[in-house]
file coords-v4.csv (CSV, C-alpha atoms)
chain,number,residue,atom,x,y,z
A,1,MET,CA,28.5,-4.1,5.9
A,2,LYS,CA,25.5,-6.3,6.4
A,3,LYS,CA,23.4,-7.1,3.3
A,4,LYS,CA,19.8,-6.1,3.3
A,5,PRO,CA,17.5,-9.1,3.2
A,6,LYS,CA,15.6,-9.4,-0.1
A,7,PHE,CA,12.1,-8.1,0.0
A,8,LYS,CA,9.5,-10.8,0.0
A,9,ALA,CA,5.9,-9.9,-0.8
A,10,TRP,CA,2.9,-11.4,1.0
A,11,GLN,CA,1.7,-14.6,-0.7
A,12,ARG,CA,-2.0,-15.4,-0.9
A,13,ILE,CA,-3.0,-19.0,0.0
A,14,SER,CA,-6.8,-18.6,-0.4
A,15,ARG,CA,-9.5,-16.1,-0.8
A,16,LYS,CA,-13.1,-16.2,0.5
A,17,VAL,CA,-15.8,-13.7,-0.5
A,18,LEU,CA,-17.5,-12.6,2.7
A,19,TYR,CA,-20.1,-10.3,1.2
A,20,LYS,CA,-20.9,-9.1,-2.3
A,21,HIS,CA,-22.8,-5.9,-3.0
A,22,PRO,CA,-23.2,-4.1,-6.3
A,23,PHE,CA,-20.7,-1.4,-5.3
A,24,ARG,CA,-18.3,-3.4,-3.1
A,25,THR,CA,-17.0,-6.9,-2.3
A,26,TYR,CA,-15.5,-7.9,1.0
A,27,TYR,CA,-12.8,-10.5,1.1
A,28,LEU,CA,-11.0,-12.6,3.7
A,29,ASP,CA,-7.6,-13.8,2.4
A,30,GLU,CA,-5.4,-16.3,4.1
A,31,ILE,CA,-1.8,-15.2,3.4
A,32,TYR,CA,1.8,-16.0,4.2
A,33,LEU,CA,3.6,-13.0,5.7
A,34,PRO,CA,7.3,-12.4,4.6
A,35,ASP,CA,8.4,-14.3,7.8
A,36,GLY,CA,6.5,-17.4,6.6
A,37,LYS,CA,3.7,-17.1,9.2
A,38,LYS,CA,0.1,-17.6,8.2
A,39,HIS,CA,-2.3,-14.6,8.7
A,40,GLU,CA,-5.9,-13.6,7.9
A,41,TYR,CA,-6.3,-10.3,6.0
A,42,THR,CA,-9.6,-8.6,5.3
A,43,HIS,CA,-10.1,-6.0,2.5
A,44,VAL,CA,-12.7,-4.6,0.3
A,45,LYS,CA,-12.9,-4.0,-3.5
A,46,LEU,CA,-14.6,-0.7,-4.1
A,47,ALA,CA,-15.4,1.2,-7.3
A,48,ASN,CA,-13.0,4.1,-8.0
A,49,GLY,CA,-14.1,7.5,-7.0
A,50,VAL,CA,-13.9,11.1,-8.0
A,51,LEU,CA,-13.8,14.4,-6.0
A,52,ILE,CA,-14.2,17.9,-7.5
A,53,VAL,CA,-12.5,21.1,-6.3
A,54,ALA,CA,-15.0,23.5,-7.8
A,55,LEU,CA,-13.5,27.0,-7.7
A,56,ASN,CA,-15.5,30.1,-8.6
A,57,SER,CA,-13.9,33.3,-10.1
A,58,LYS,CA,-13.3,34.6,-6.5
A,59,LYS,CA,-11.1,31.6,-5.7
A,60,GLU,CA,-13.8,30.1,-3.4
A,61,VAL,CA,-14.2,26.4,-3.2
A,62,CYS,CA,-17.6,24.6,-3.2
A,63,LEU,CA,-18.0,22.5,-0.1
A,64,ILE,CA,-20.9,20.3,0.8
A,65,SER,CA,-22.0,19.2,4.3
A,66,GLN,CA,-22.8,15.5,4.0
A,67,TYR,CA,-24.0,13.1,6.7
A,68,ARG,CA,-21.8,10.1,7.1
A,69,TYR,CA,-23.5,7.2,8.8
A,70,VAL,CA,-20.5,5.4,10.3
A,71,TYR,CA,-19.5,8.6,12.2
A,72,LYS,CA,-23.1,9.7,12.9
A,73,ARG,CA,-22.2,13.2,11.9
A,74,LYS,CA,-21.8,15.6,9.0
A,75,PHE,CA,-18.5,16.2,7.2
A,76,LEU,CA,-17.5,19.2,5.2
A,77,GLU,CA,-16.2,17.8,1.9
A,78,LEU,CA,-15.8,18.2,-1.8
A,79,PRO,CA,-18.6,17.0,-4.1
A,80,GLY,CA,-17.9,13.6,-5.6
A,81,GLY,CA,-19.0,10.0,-6.0
A,82,GLY,CA,-18.2,6.5,-7.4
A,83,VAL,CA,-17.2,5.8,-10.9
A,84,GLU,CA,-19.8,3.4,-12.5
A,85,LYS,CA,-18.7,0.6,-14.8
A,86,ASN,CA,-18.1,1.9,-18.4
A,87,ASN,CA,-17.9,5.5,-17.3
A,88,THR,CA,-14.7,7.6,-17.2
A,89,PRO,CA,-13.6,9.4,-14.1
A,90,LEU,CA,-14.0,12.8,-15.9
A,91,PHE,CA,-17.5,11.9,-17.0
A,92,THR,CA,-18.4,10.9,-13.5
A,93,ALA,CA,-16.9,14.1,-12.0
A,94,LYS,CA,-19.0,16.3,-14.3
A,95,LYS,CA,-22.1,14.2,-13.5
A,96,GLU,CA,-21.5,14.3,-9.7
A,97,LEU,CA,-20.8,18.0,-9.6
A,98,PHE,CA,-24.1,18.7,-11.3
A,99,GLU,CA,-26.1,16.2,-9.3
A,100,GLU,CA,-24.8,17.2,-5.9
A,101,THR,CA,-24.6,21.0,-6.5
A,102,GLY,CA,-26.3,22.0,-9.7
A,103,LEU,CA,-23.0,23.4,-11.0
A,104,VAL,CA,-21.4,22.9,-14.3
A,105,ALA,CA,-17.9,23.9,-15.2
A,106,LYS,CA,-16.3,24.8,-18.6
A,107,LYS,CA,-12.7,24.2,-17.5
A,108,TRP,CA,-11.5,20.8,-16.1
A,109,SER,CA,-8.1,19.6,-15.1
A,110,ARG,CA,-7.0,16.6,-13.1
A,111,LEU,CA,-5.1,17.4,-9.9
A,112,CYS,CA,-4.1,13.9,-8.9
A,113,ILE,CA,-5.0,10.3,-8.4
A,114,CYS,CA,-4.7,9.1,-4.8
A,115,ASN,CA,-5.1,5.8,-3.0
A,116,PRO,CA,-7.1,6.9,0.1
A,117,MET,CA,-6.8,3.6,2.1
A,118,PRO,CA,-4.3,1.2,0.5
A,119,SER,CA,-4.2,-1.1,3.5
A,120,HIS,CA,-8.0,-1.8,3.2
A,121,THR,CA,-8.9,-1.2,-0.5
A,122,ASN,CA,-7.5,-1.0,-4.0
A,123,SER,CA,-9.7,1.9,-5.1
A,124,GLU,CA,-8.4,5.1,-6.5
A,125,THR,CA,-9.8,8.6,-6.1
A,126,HIS,CA,-9.4,10.9,-9.1
A,127,ILE,CA,-9.4,14.6,-8.0
A,128,TYR,CA,-10.3,17.3,-10.5
A,129,LEU,CA,-10.2,21.0,-10.5
A,130,ALA,CA,-13.3,22.5,-12.0
A,131,GLN,CA,-13.4,26.2,-13.0
A,132,ASP,CA,-15.5,28.7,-14.9
A,133,LEU,CA,-18.6,27.6,-13.0
A,134,LYS,CA,-22.2,28.2,-13.8
A,135,LYS,CA,-25.3,27.3,-11.7
A,136,GLN,CA,-27.7,25.3,-13.9
A,137,GLY,CA,-29.7,23.2,-11.4
A,138,SER,CA,-30.6,22.6,-7.8
A,139,GLY,CA,-28.5,19.6,-7.0
A,140,SER,CA,-31.1,16.8,-7.5
A,141,ASP,CA,-29.2,14.2,-5.4
A,142,MET,CA,-28.6,16.4,-2.4
A,143,PHE,CA,-31.4,15.0,-0.2
A,144,VAL,CA,-30.9,11.4,-1.3
A,145,GLU,CA,-27.2,11.5,-0.5
A,146,GLY,CA,-27.6,13.2,2.9
A,147,ILE,CA,-26.2,16.5,1.7
A,148,SER,CA,-27.7,19.2,3.9
A,149,SER,CA,-26.0,22.3,2.4
A,150,MET,CA,-23.6,23.7,-0.1
A,151,GLN,CA,-21.3,26.7,0.5
A,152,PHE,CA,-18.5,28.5,-1.2
A,153,VAL,CA,-15.5,29.1,1.1
A,154,PRO,CA,-12.4,31.2,0.2
A,155,LEU,CA,-9.6,28.7,-0.7
A,156,LYS,CA,-7.3,30.2,1.9
A,157,LYS,CA,-10.0,29.8,4.6
A,158,ALA,CA,-10.5,26.2,3.5
A,159,VAL,CA,-6.8,25.6,4.1
A,160,SER,CA,-7.1,27.1,7.6
A,161,MET,CA,-10.1,24.8,8.2
A,162,ILE,CA,-7.9,21.8,7.3
A,163,LEU,CA,-5.2,23.0,9.8
A,164,SER,CA,-7.8,23.4,12.5
A,165,SER,CA,-9.4,20.0,11.8
A,166,LYS,CA,-12.7,21.4,10.6
A,167,ILE,CA,-12.2,19.6,7.3
A,168,THR,CA,-10.8,16.0,7.9
A,169,PHE,CA,-12.0,13.8,5.0
A,170,THR,CA,-8.6,12.8,3.6
A,171,SER,CA,-9.3,13.1,-0.1
A,172,THR,CA,-10.9,16.5,0.4
A,173,VAL,CA,-7.8,17.6,2.3
A,174,VAL,CA,-5.6,16.5,-0.6
A,175,GLY,CA,-7.8,18.2,-3.2
A,176,ILE,CA,-8.0,21.5,-1.4
A,177,LEU,CA,-4.2,21.6,-0.7
A,178,LEU,CA,-3.3,20.7,-4.3
A,179,ALA,CA,-5.8,23.4,-5.6
A,180,ALA,CA,-4.4,26.0,-3.2
A,181,LYS,CA,-0.8,25.2,-4.4
A,182,LYS,CA,-1.9,25.3,-8.1
A,183,MET,CA,-3.7,28.6,-7.5
A,184,LYS,CA,-0.7,30.0,-5.6
A,185,THR,CA,-2.8,30.4,-2.4
A,186,LEU,CA,-0.4,28.4,-0.2
call {"tool": "encode", "arguments": {"input": "coords-v4.csv", "output": "structure tokens"}}
result
Amino acid sequence: MKKKPKFKAWQRISRKVLYKHPFRTYYLDEIYLPDGKKHEYTHVKLANGVLIVALNSKKEVCLISQYRYVYKRKFLELPGGGVEKNNTPLFTAKKELFEETGLVAKKWSRLCICNPMPSHTNSETHIYLAQDLKKQGSGSDMFVEGISSMQFVPLKKAVSMILSSKITFTSTVVGILLAAKKMKTL
């Protein structure tokens, strides 16, 4: 029986900052691949993020329609945002839910932490389930963030929207599917 070769991680030779922004830093690393060849690798350091699966008493999930510049179109997605320095993911989730939808929740639980693009960034997305909702505002950041609407969709229908590619934002897909499993909708 042939022995498996020992795993050899990539080795960084040098790092150059291509661009630094308050919320992200772009890098170009020169690395050695496991086979010893040199290679250039670009990646970005982003702040961690949060997404919120806000479920009302009818098991309907709150979805926002948000314009995404890179795609030049709107996406149906869960409310969320970036975790600012010195804030916890849960604090940020509560803040983002209110700012983007005007909703507050009494009951919070973490569904998961996921790494949405591990080949390009080391950021994590913390996904929370928010329940026992109450409308207390208008969603003050909706216009600024390109959010054109907010709607409640039955959780079962949201799963169908994923399967028919009407909802495609990866972390939103993960959050809805985990909530559907937890709520025994799958």
call {"tool": "closest_atom_pairs", "arguments": {"input": "coords-v4.csv", "of": "stretch 50-100 of chain A", "to": "stretch 129-135 of chain A", "cutoff": "7 Å", "atoms": "all atoms listed in the file", "output": "CSV"}}
result
residue,atom,partner,partner_atom,distance
A:Ile52,CA,A:Leu129,CA,5.9
A:Val53,CA,A:Leu129,CA,4.8
A:Ala54,CA,A:Ala130,CA,4.6
A:Leu55,CA,A:Gln131,CA,5.4
A:Asn56,CA,A:Leu133,CA,5.9
A:Ser57,CA,A:Asp132,CA,6.8
call {"tool": "closest_residue", "arguments": {"input": "coords-v4.csv", "among": "A:Glu84, A:Asp29, A:Glu99, A:Asp35", "to": "A:Glu145", "atoms": "only C-alpha atoms"}}
result
A:Glu99
call {"tool": "closest_residue", "arguments": {"input": "coords-v4.csv", "among": "A:Glu100, A:Lys184, A:Thr172, A:Ile147", "to": "A:Arg68", "atoms": "all atoms listed in the file"}}
result
A:Ile147
call {"tool": "closest_residue", "arguments": {"input": "coords-v4.csv", "among": "A:Asn122, A:Arg12, A:Leu51, A:Pro116", "to": "A:Ala93", "atoms": "all atoms listed in the file"}}
result
A:Leu51
call {"tool": "residues_around", "arguments": {"input": "coords-v4.csv", "residues": "A:Met150", "least_positions_apart": "2", "cutoff": "10 Å", "atoms": "only C-alpha atoms", "output": "list in words"}}
result
Cys62, Leu63, Ile64, Ser65, Gln66, Leu76, Glu77, Leu78, Pro79, Glu100, Thr101, Gly139, Met142, Ile147, Ser148, Phe152 and Val153 of chain A
call {"tool": "closest_residue", "arguments": {"input": "coords-v4.csv", "among": "A:Ile176, A:Val159, A:Gly146, A:Cys114", "to": "A:Arg73", "atoms": "only C-alpha atoms"}}
result
A:Gly146
call {"tool": "decode", "arguments": {"input": "coords-v4.csv", "residues": "stretch 20-46 of chain A", "atoms": "N, CA, C and O atoms", "output": "PDB file, in the first residue's frame"}}
result
ATOM      1  N   LYS A  20      -6.055  49.868   1.338  1.00  0.00           N
ATOM      2  CA  LYS A  20      -6.580  49.827   2.705  1.00  0.00           C
ATOM      3  C   LYS A  20      -7.766  50.777   2.800  1.00  0.00           C
ATOM      4  O   LYS A  20      -7.680  51.926   2.402  1.00  0.00           O
ATOM      5  N   HIS A  21      -8.869  50.269   3.309  1.00  0.00           N
ATOM      6  CA  HIS A  21     -10.123  50.984   3.462  1.00  0.00           C
ATOM      7  C   HIS A  21     -10.558  50.755   4.911  1.00  0.00           C
ATOM      8  O   HIS A  21     -10.156  49.774   5.518  1.00  0.00           O
ATOM      9  N   PRO A  22     -11.374  51.621   5.500  1.00  0.00           N
ATOM     10  CA  PRO A  22     -11.772  51.392   6.897  1.00  0.00           C
ATOM     11  C   PRO A  22     -12.441  50.029   7.151  1.00  0.00           C
ATOM     12  O   PRO A  22     -12.344  49.499   8.251  1.00  0.00           O
ATOM     13  N   PHE A  23     -13.102  49.461   6.151  1.00  0.00           N
ATOM     14  CA  PHE A  23     -13.817  48.199   6.359  1.00  0.00           C
ATOM     15  C   PHE A  23     -13.155  46.988   5.714  1.00  0.00           C
ATOM     16  O   PHE A  23     -13.600  45.868   5.895  1.00  0.00           O
ATOM     17  N   ARG A  24     -12.108  47.195   4.915  1.00  0.00           N
ATOM     18  CA  ARG A  24     -11.456  46.069   4.248  1.00  0.00           C
ATOM     19  C   ARG A  24     -10.037  46.435   3.823  1.00  0.00           C
ATOM     20  O   ARG A  24      -9.746  47.591   3.574  1.00  0.00           O
ATOM     21  N   THR A  25      -9.192  45.420   3.773  1.00  0.00           N
ATOM     22  CA  THR A  25      -7.817  45.582   3.296  1.00  0.00           C
ATOM     23  C   THR A  25      -7.547  44.505   2.257  1.00  0.00           C
ATOM     24  O   THR A  25      -7.823  43.324   2.490  1.00  0.00           O
ATOM     25  N   TYR A  26      -7.020  44.920   1.115  1.00  0.00           N
ATOM     26  CA  TYR A  26      -6.712  43.995   0.022  1.00  0.00           C
ATOM     27  C   TYR A  26      -5.217  43.688   0.027  1.00  0.00           C
ATOM     28  O   TYR A  26      -4.397  44.603   0.124  1.00  0.00           O
ATOM     29  N   TYR A  27      -4.892  42.398  -0.084  1.00  0.00           N
ATOM     30  CA  TYR A  27      -3.500  41.954  -0.029  1.00  0.00           C
ATOM     31  C   TYR A  27      -3.110  41.193  -1.288  1.00  0.00           C
ATOM     32  O   TYR A  27      -3.938  40.516  -1.905  1.00  0.00           O
ATOM     33  N   LEU A  28      -1.831  41.270  -1.599  1.00  0.00           N
ATOM     34  CA  LEU A  28      -1.216  40.418  -2.608  1.00  0.00           C
ATOM     35  C   LEU A  28      -0.075  39.698  -1.902  1.00  0.00           C
ATOM     36  O   LEU A  28       0.880  40.330  -1.435  1.00  0.00           O
ATOM     37  N   ASP A  29      -0.210  38.386  -1.772  1.00  0.00           N
ATOM     38  CA  ASP A  29       0.835  37.574  -1.146  1.00  0.00           C
ATOM     39  C   ASP A  29       1.602  36.822  -2.214  1.00  0.00           C
ATOM     40  O   ASP A  29       1.014  36.348  -3.197  1.00  0.00           O
ATOM     41  N   GLU A  30       2.898  36.716  -2.015  1.00  0.00           N
ATOM     42  CA  GLU A  30       3.697  35.793  -2.826  1.00  0.00           C
ATOM     43  C   GLU A  30       3.867  34.564  -1.938  1.00  0.00           C
ATOM     44  O   GLU A  30       4.238  34.677  -0.770  1.00  0.00           O
ATOM     45  N   ILE A  31       3.546  33.393  -2.486  1.00  0.00           N
ATOM     46  CA  ILE A  31       3.549  32.164  -1.695  1.00  0.00           C
ATOM     47  C   ILE A  31       4.273  31.039  -2.421  1.00  0.00           C
ATOM     48  O   ILE A  31       4.477  31.093  -3.629  1.00  0.00           O
ATOM     49  N   TYR A  32       4.665  30.036  -1.645  1.00  0.00           N
ATOM     50  CA  TYR A  32       5.101  28.762  -2.190  1.00  0.00           C
ATOM     51  C   TYR A  32       3.926  27.804  -2.073  1.00  0.00           C
ATOM     52  O   TYR A  32       3.344  27.647  -1.000  1.00  0.00           O
ATOM     53  N   LEU A  33       3.572  27.174  -3.177  1.00  0.00           N
ATOM     54  CA  LEU A  33       2.556  26.128  -3.158  1.00  0.00           C
ATOM     55  C   LEU A  33       3.178  24.844  -2.613  1.00  0.00           C
ATOM     56  O   LEU A  33       4.418  24.743  -2.527  1.00  0.00           O
ATOM     57  N   PRO A  34       2.382  23.858  -2.251  1.00  0.00           N
ATOM     58  CA  PRO A  34       2.944  22.608  -1.713  1.00  0.00           C
ATOM     59  C   PRO A  34       3.970  21.936  -2.628  1.00  0.00           C
ATOM     60  O   PRO A  34       4.877  21.265  -2.149  1.00  0.00           O
ATOM     61  N   ASP A  35       3.841  22.168  -3.946  1.00  0.00           N
ATOM     62  CA  ASP A  35       4.814  21.559  -4.865  1.00  0.00           C
ATOM     63  C   ASP A  35       6.096  22.377  -5.001  1.00  0.00           C
ATOM     64  O   ASP A  35       6.995  22.052  -5.786  1.00  0.00           O
ATOM     65  N   GLY A  36       6.193  23.488  -4.223  1.00  0.00           N
ATOM     66  CA  GLY A  36       7.404  24.301  -4.238  1.00  0.00           C
ATOM     67  C   GLY A  36       7.389  25.448  -5.230  1.00  0.00           C
ATOM     68  O   GLY A  36       8.303  26.267  -5.240  1.00  0.00           O
ATOM     69  N   LYS A  37       6.359  25.525  -6.066  1.00  0.00           N
ATOM     70  CA  LYS A  37       6.292  26.607  -7.065  1.00  0.00           C
ATOM     71  C   LYS A  37       5.821  27.902  -6.408  1.00  0.00           C
ATOM     72  O   LYS A  37       4.993  27.897  -5.501  1.00  0.00           O
ATOM     73  N   LYS A  38       6.343  29.027  -6.921  1.00  0.00           N
ATOM     74  CA  LYS A  38       5.911  30.343  -6.449  1.00  0.00           C
ATOM     75  C   LYS A  38       4.599  30.712  -7.133  1.00  0.00           C
ATOM     76  O   LYS A  38       4.352  30.365  -8.286  1.00  0.00           O
ATOM     77  N   HIS A  39       3.780  31.455  -6.386  1.00  0.00           N
ATOM     78  CA  HIS A  39       2.466  31.839  -6.906  1.00  0.00           C
ATOM     79  C   HIS A  39       2.046  33.139  -6.230  1.00  0.00           C
ATOM     80  O   HIS A  39       2.420  33.400  -5.088  1.00  0.00           O
ATOM     81  N   GLU A  40       1.284  33.978  -6.944  1.00  0.00           N
ATOM     82  CA  GLU A  40       0.711  35.178  -6.345  1.00  0.00           C
ATOM     83  C   GLU A  40      -0.728  34.871  -5.942  1.00  0.00           C
ATOM     84  O   GLU A  40      -1.463  34.215  -6.686  1.00  0.00           O
ATOM     85  N   TYR A  41      -1.122  35.369  -4.773  1.00  0.00           N
ATOM     86  CA  TYR A  41      -2.463  35.088  -4.255  1.00  0.00           C
ATOM     87  C   TYR A  41      -3.045  36.366  -3.680  1.00  0.00           C
ATOM     88  O   TYR A  41      -2.449  36.999  -2.805  1.00  0.00           O
ATOM     89  N   THR A  42      -4.205  36.774  -4.191  1.00  0.00           N
ATOM     90  CA  THR A  42      -4.866  37.961  -3.668  1.00  0.00           C
ATOM     91  C   THR A  42      -6.003  37.548  -2.735  1.00  0.00           C
ATOM     92  O   THR A  42      -6.666  36.537  -2.945  1.00  0.00           O
ATOM     93  N   HIS A  43      -6.191  38.345  -1.687  1.00  0.00           N
ATOM     94  CA  HIS A  43      -7.279  38.094  -0.748  1.00  0.00           C
ATOM     95  C   HIS A  43      -7.606  39.391  -0.023  1.00  0.00           C
ATOM     96  O   HIS A  43      -6.884  40.380  -0.125  1.00  0.00           O
ATOM     97  N   VAL A  44      -8.716  39.385   0.693  1.00  0.00           N
ATOM     98  CA  VAL A  44      -9.176  40.587   1.367  1.00  0.00           C
ATOM     99  C   VAL A  44      -9.510  40.275   2.820  1.00  0.00           C
ATOM    100  O   VAL A  44     -10.053  39.217   3.124  1.00  0.00           O
ATOM    101  N   LYS A  45      -9.135  41.173   3.696  1.00  0.00           N
ATOM    102  CA  LYS A  45      -9.518  41.049   5.105  1.00  0.00           C
ATOM    103  C   LYS A  45     -10.747  41.932   5.298  1.00  0.00           C
ATOM    104  O   LYS A  45     -10.701  43.139   5.065  1.00  0.00           O
ATOM    105  N   LEU A  46     -11.844  41.309   5.693  1.00  0.00           N
ATOM    106  CA  LEU A  46     -13.106  42.011   5.921  1.00  0.00           C
ATOM    107  C   LEU A  46     -13.487  41.913   7.384  1.00  0.00           C
ATOM    108  O   LEU A  46     -13.082  40.986   8.078  1.00  0.00           O
TER     109      LEU A  46
END
